[in-house]
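Trainee: Would you mind keeping the following structure in view while I ask a few things?
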Amino acid sequence: MALMQISEPGEAPRAARHRHAAGIDLGTTNSLVAAVIGERAVTLGDEQGNQLLPSVVRYLAGGSPRVGLGDQQFVHDDPHNTISSVKRFMGRGVEDIQKLGDRFPYEFVQAGQGMPRIRTVAGDFSPVEVSAEILKALKERAEQALGGGLEGVVITVPAYFDDAQRQATKDAAQLAGLNVLRLLNEPTAAAIAYGLDQGAEGIHAIYDLGGGTFDISILRFSKGVFEVLATAGDSALGGDDIDRVIAEWILEQADIGRDADQACLQQIVHHARQAKETLTERDEVEFTIERPDGSLWKGALSRPVFEDLVRPIIKRTLAPCKRVLRDADIGVNDICEVVMVGGSTRIPLVRDMVGAFFQRQPHVDIDPDKVVAIGAAIQADILVGNKPGDDMLLLDVIPLSLGIETMGGLVEKLIPRNTTIPVTRAQKFTTFKDGQTAMAIHVVQGERELVSDNRSLARFKLHGIPPMVAGAAHIQVTFQVDADGLLSVSAKELSTGVETGIVVKPSYGLSEEEIEHMLRDSLTHASDDINARRLREYQVEAERAINVLQVALDESGERLLSAEERARIDEALAALEAVQGGDDYLAIKEAMAHLDRATAEFAERRMNASIHDALTGHKVDEICPD
Ligand code: ADP
Ligand code: MG
């Protein structure tokens, strides 16, 4: 596939002064902000020196919300008003959120068509507004550390984020008063932090195990450009699961029933998480746990026992690793570098198992929970114009094919999945009916052959097509996906130049599970789809034949056909009409063949008549100079 080069709009002139720019990792569990200071990209801490800002917003009655804090306990004390993991809801509709399961303690309210909101004591807030609070806190932190306003930021998003999720992230930034230079894929940011863009060409694997999510991405770096070849993951797998298995182990060891009260269970999960983090550095950790009856349990967890507990969880990350290699059509030996991202990759066993899988020592030198923010900061510094002449080109792929609906409810794909962005593709379509003056454009995303099996993204109409016979108008439909992954579609009638278009901004997007599901479906239903496509094609063909014949009969039926001939054609026409809408494509095919035979003579006479008309009034040699 040809690589498209991104030219930065208006190559920045040599910067007279340093412009303040920052990179933001807006994470599910933790968020960070980083900036290039001097020659180095560093994460920026709060007054206490904490670099990680928990992605938690607590709304209070009559007061501004509190962001991050050491507020983990509020998640437990005041769950309805303490919003965590809001990233999971970005760009999603209520139905999408319901599909995520019922593990969220929030009440979602849906007003009209807009985004769902979370009900709190301080009012109802959309995920975009909640995220904006986190971004505002990071903005403030950066402006204090840098001593001035930010001119622009780069915000990272998971590589699989769809249009709606990216747009929601941009909207949140706008609400927070940030100028987004670009959204950047998290794995690409990590690769930049390690300077893989300064190294040799090659394919890299970025393994990201965070608090609640796992992502694996395959990037190709070539000709100065990063391209995301494929992504996979598990949106419900991360450090939280590790905390849970350790907590269960403690319950068992301390002989505490699962029916223990909430506060006791929360205390145990808290101990479990601390133990996990301590075991990264030490070989054993000791506990003192208070049982519900007030008695104490003292115990110890050793590294080998811990590893036996978490091994199955880490193993679960390897299936997506296999899948992503298959998707990218490469083998383990094609991978040059493996980069570790996410707090959970501090666990030595994770490093060992991932290293063994990829048969390579993974990169761990940069703190795995800071590496994404650092890469984003490096990119922001370049984009804001602090390094004239150093322009980095970044490419991503679209996760699912984009296309439009054609006659019969079929999908014509304009941009196949995994195409690198930015990209522009155009295709010509034509009118179906004589005198058709408008055309409805229905934009869909997915891999299946039928529109009804794919996701509908947008609809619009091109008006003002000059009336012509069917098939004569040339309508060029252009799909353009920009560097942030946002799609715009335009349609233009080429003879008149009338044009219309839209920026696709769906009200909510697809979850990774849905993407997975749709991909799986497209494979398992491939043969159904071919049959369905064949049926639709015959149906469309039949409709076209019926239309054409009706026009011809109206025009010259009286003149050219005897009553008997006309009756035979009408009978064949009725037979085709009777089966045209059915689902037996063989019957349609047969009825079309029958109609074809019944009208062959009529067609020939029409042809002769039109030649006769054309010749009338002309000398033969005017028409045939030879
Ligand atoms: P996210 O990308 O989801 O926002 P992070 O990359 O910040 O999340 O990862 C957070 C997770 O990393 C938490 O589950 C946390 O317990 C875990 N974590 C942080 N430090 C360690 C450590 N030393 N050992 C094991 N897990 C850790
Ligand atoms: Mg992360």
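Residue numbers start at 1 in each chain; chains themselves are named A, B, ... in the order of the structure tokens; ligands are numbered from 1 in the order shown.
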Enumerate, in order of chain and increasing residue number, the residues of chain A with an atom no farther than 6 Å from ligand 1, each with its shortest atom pair and distance in Å to one decimal, counting only C-alpha atoms and all ligand atoms, as CSV.
Mentor:
```
residue,atom,partner,partner_atom_place_in_ligand_line,distance
A:Gly27,CA,ligand 1,4 (O),3.7
A:Thr28,CA,ligand 1,4 (O),4.1
A:Thr29,CA,ligand 1,4 (O),3.4
A:Asn30,CA,ligand 1,4 (O),3.9
A:Gly210,CA,ligand 1,9 (O),3.7
A:Gly211,CA,ligand 1,14 (O),3.5
A:Gly212,CA,ligand 1,3 (O),5.4
A:Thr213,CA,ligand 1,3 (O),5.9
A:Gly239,CA,ligand 1,14 (O),3.4
A:Asp240,CA,ligand 1,14 (O),5.1
A:Arg273,CA,ligand 1,16 (O),5.8
A:Lys276,CA,ligand 1,25 (C),5.4
A:Glu277,CA,ligand 1,24 (N),3.7
A:Thr280,CA,ligand 1,24 (N),5.2
A:Gly342,CA,ligand 1,6 (O),3.2
A:Gly343,CA,ligand 1,12 (O),3.2
A:Ser344,CA,ligand 1,26 (N),3.9
A:Arg346,CA,ligand 1,24 (N),4.9
A:Ile347,CA,ligand 1,24 (N),4.9
A:Asp369,CA,ligand 1,6 (O),4.4
```
Trainee: Could you write out the selected residues, including N, CA and C atoms, as a PDB file, in the first residue's frame?
Mentor:
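Output file selection33.pdb follows:
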```pdb
ATOM      1  N   GLY A  27      -5.421   8.770  30.361  1.00  0.00           N
ATOM      2  CA  GLY A  27      -5.541   7.320  30.556  1.00  0.00           C
ATOM      3  C   GLY A  27      -6.831   6.910  31.248  1.00  0.00           C
ATOM      4  N   THR A  28      -7.120   5.620  31.186  1.00  0.00           N
ATOM      5  CA  THR A  28      -8.318   5.092  31.849  1.00  0.00           C
ATOM      6  C   THR A  28      -8.150   5.152  33.361  1.00  0.00           C
ATOM      7  N   THR A  29      -6.969   4.782  33.838  1.00  0.00           N
ATOM      8  CA  THR A  29      -6.707   4.741  35.275  1.00  0.00           C
ATOM      9  C   THR A  29      -5.963   5.988  35.730  1.00  0.00           C
ATOM     10  N   ASN A  30      -4.901   6.327  35.001  1.00  0.00           N
ATOM     11  CA  ASN A  30      -4.078   7.479  35.352  1.00  0.00           C
ATOM     12  C   ASN A  30      -3.843   8.357  34.134  1.00  0.00           C
ATOM     13  N   GLY A 210      -2.387  -1.810  31.256  1.00  0.00           N
ATOM     14  CA  GLY A 210      -2.640  -0.731  32.216  1.00  0.00           C
ATOM     15  C   GLY A 210      -3.448  -1.221  33.399  1.00  0.00           C
ATOM     16  N   GLY A 211      -4.338  -0.369  33.899  1.00  0.00           N
ATOM     17  CA  GLY A 211      -5.137  -0.711  35.066  1.00  0.00           C
ATOM     18  C   GLY A 211      -6.311  -1.617  34.716  1.00  0.00           C
ATOM     19  N   GLY A 212      -6.980  -1.298  33.623  1.00  0.00           N
ATOM     20  CA  GLY A 212      -8.166  -2.075  33.293  1.00  0.00           C
ATOM     21  C   GLY A 212      -8.226  -2.519  31.851  1.00  0.00           C
ATOM     22  N   THR A 213      -7.198  -2.209  31.091  1.00  0.00           N
ATOM     23  CA  THR A 213      -7.242  -2.530  29.668  1.00  0.00           C
ATOM     24  C   THR A 213      -5.898  -3.076  29.191  1.00  0.00           C
ATOM     25  N   GLY A 239      -4.411  -4.466  35.467  1.00  0.00           N
ATOM     26  CA  GLY A 239      -3.943  -4.543  36.846  1.00  0.00           C
ATOM     27  C   GLY A 239      -5.069  -4.803  37.837  1.00  0.00           C
ATOM     28  N   ASP A 240      -6.270  -4.303  37.535  1.00  0.00           N
ATOM     29  CA  ASP A 240      -7.399  -4.526  38.446  1.00  0.00           C
ATOM     30  C   ASP A 240      -7.679  -6.017  38.631  1.00  0.00           C
ATOM     31  N   ARG A 273      -3.432  -4.578  46.126  1.00  0.00           N
ATOM     32  CA  ARG A 273      -2.767  -3.733  45.142  1.00  0.00           C
ATOM     33  C   ARG A 273      -1.390  -3.300  45.650  1.00  0.00           C
ATOM     34  N   LYS A 276       1.016  -6.199  45.390  1.00  0.00           N
ATOM     35  CA  LYS A 276       1.414  -6.403  43.992  1.00  0.00           C
ATOM     36  C   LYS A 276       2.524  -5.432  43.608  1.00  0.00           C
ATOM     37  N   GLU A 277       2.321  -4.161  43.955  1.00  0.00           N
ATOM     38  CA  GLU A 277       3.309  -3.156  43.553  1.00  0.00           C
ATOM     39  C   GLU A 277       4.625  -3.346  44.311  1.00  0.00           C
ATOM     40  N   THR A 280       7.149  -6.046  42.964  1.00  0.00           N
ATOM     41  CA  THR A 280       7.980  -5.717  41.815  1.00  0.00           C
ATOM     42  C   THR A 280       9.431  -5.539  42.263  1.00  0.00           C
ATOM     43  N   GLY A 342       2.476   0.879  30.252  1.00  0.00           N
ATOM     44  CA  GLY A 342       1.439   0.612  31.250  1.00  0.00           C
ATOM     45  C   GLY A 342       2.031   0.130  32.559  1.00  0.00           C
ATOM     46  N   GLY A 343       1.457   0.617  33.658  1.00  0.00           N
ATOM     47  CA  GLY A 343       1.976   0.327  34.997  1.00  0.00           C
ATOM     48  C   GLY A 343       2.150  -1.156  35.272  1.00  0.00           C
ATOM     49  N   SER A 344       1.258  -1.976  34.731  1.00  0.00           N
ATOM     50  CA  SER A 344       1.308  -3.408  35.054  1.00  0.00           C
ATOM     51  C   SER A 344       2.501  -4.111  34.420  1.00  0.00           C
ATOM     52  N   ARG A 346       5.391  -3.321  34.898  1.00  0.00           N
ATOM     53  CA  ARG A 346       6.511  -3.314  35.850  1.00  0.00           C
ATOM     54  C   ARG A 346       6.716  -4.691  36.458  1.00  0.00           C
ATOM     55  N   ILE A 347       5.695  -5.503  36.433  1.00  0.00           N
ATOM     56  CA  ILE A 347       5.778  -6.826  37.053  1.00  0.00           C
ATOM     57  C   ILE A 347       6.804  -7.666  36.286  1.00  0.00           C
ATOM     58  N   ASP A 369       4.612   3.729  32.820  1.00  0.00           N
ATOM     59  CA  ASP A 369       3.394   4.541  32.938  1.00  0.00           C
ATOM     60  C   ASP A 369       3.618   5.979  32.469  1.00  0.00           C
TER      61      ASP A 369
END
```
Trainee: Please extract the residues at most 12 Å from ligand 2, counting only C-alpha atoms and all ligand atoms, and provide them as a PyMOL selection string, using the chain letters and residue numbers of this document.
Mentor: chain A and resi 24-32+52-55+85+87+155-159+185-187+189-190+206-216+235+238-239+340-345+367-373
Trainee: Separation of CA of Glu447 in chain A and CA of Asp162 in chain A, in Å?
Mentor: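 CA of Glu447 in chain A sits 14.9 Å away from CA of Asp162 in chain A.
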Trainee: Which of these residues is nearest to Ala34 in chain A, using only C-alpha atoms: A:Ile313, A:Ala132, A:Ala376, A:Val332?
Mentor: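 Comparing A:Ile313, A:Ala132, A:Ala376, A:Val332 against Ala34 in chain A, the winner is A:Ala376.
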Trainee: With only C-alpha atoms as the basis for distance, which of A:Leu146, A:Val109, A:Ala356, A:Leu560 is at the shortest distance from Gly38 in chain A?
Mentor: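 That would be A:Leu146, the residue with the smallest distance to Gly38 in chain A.
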Trainee: Of the candidates A:Ser562, A:Phe89, A:Thr424, A:Asp255, which shows the shortest atom-to-atom distance to Leu296 in chain A, using only C-alpha atoms?
Mentor: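 When distances to Leu296 in chain A are compared using only C-alpha atoms, the smallest one comes from A:Asp255.
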Trainee: Show me, as a list in words, the residues that have an atom within 8 Å of Lys413 in chain A when counting only C-alpha atoms, minus same-chain residues fewer than 2 positions from it.
Mentor: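 Within the cut-off, the hits are Ser401, Leu402, Gly403, Ile404, Val411, Ile415 and Pro416 of chain A.
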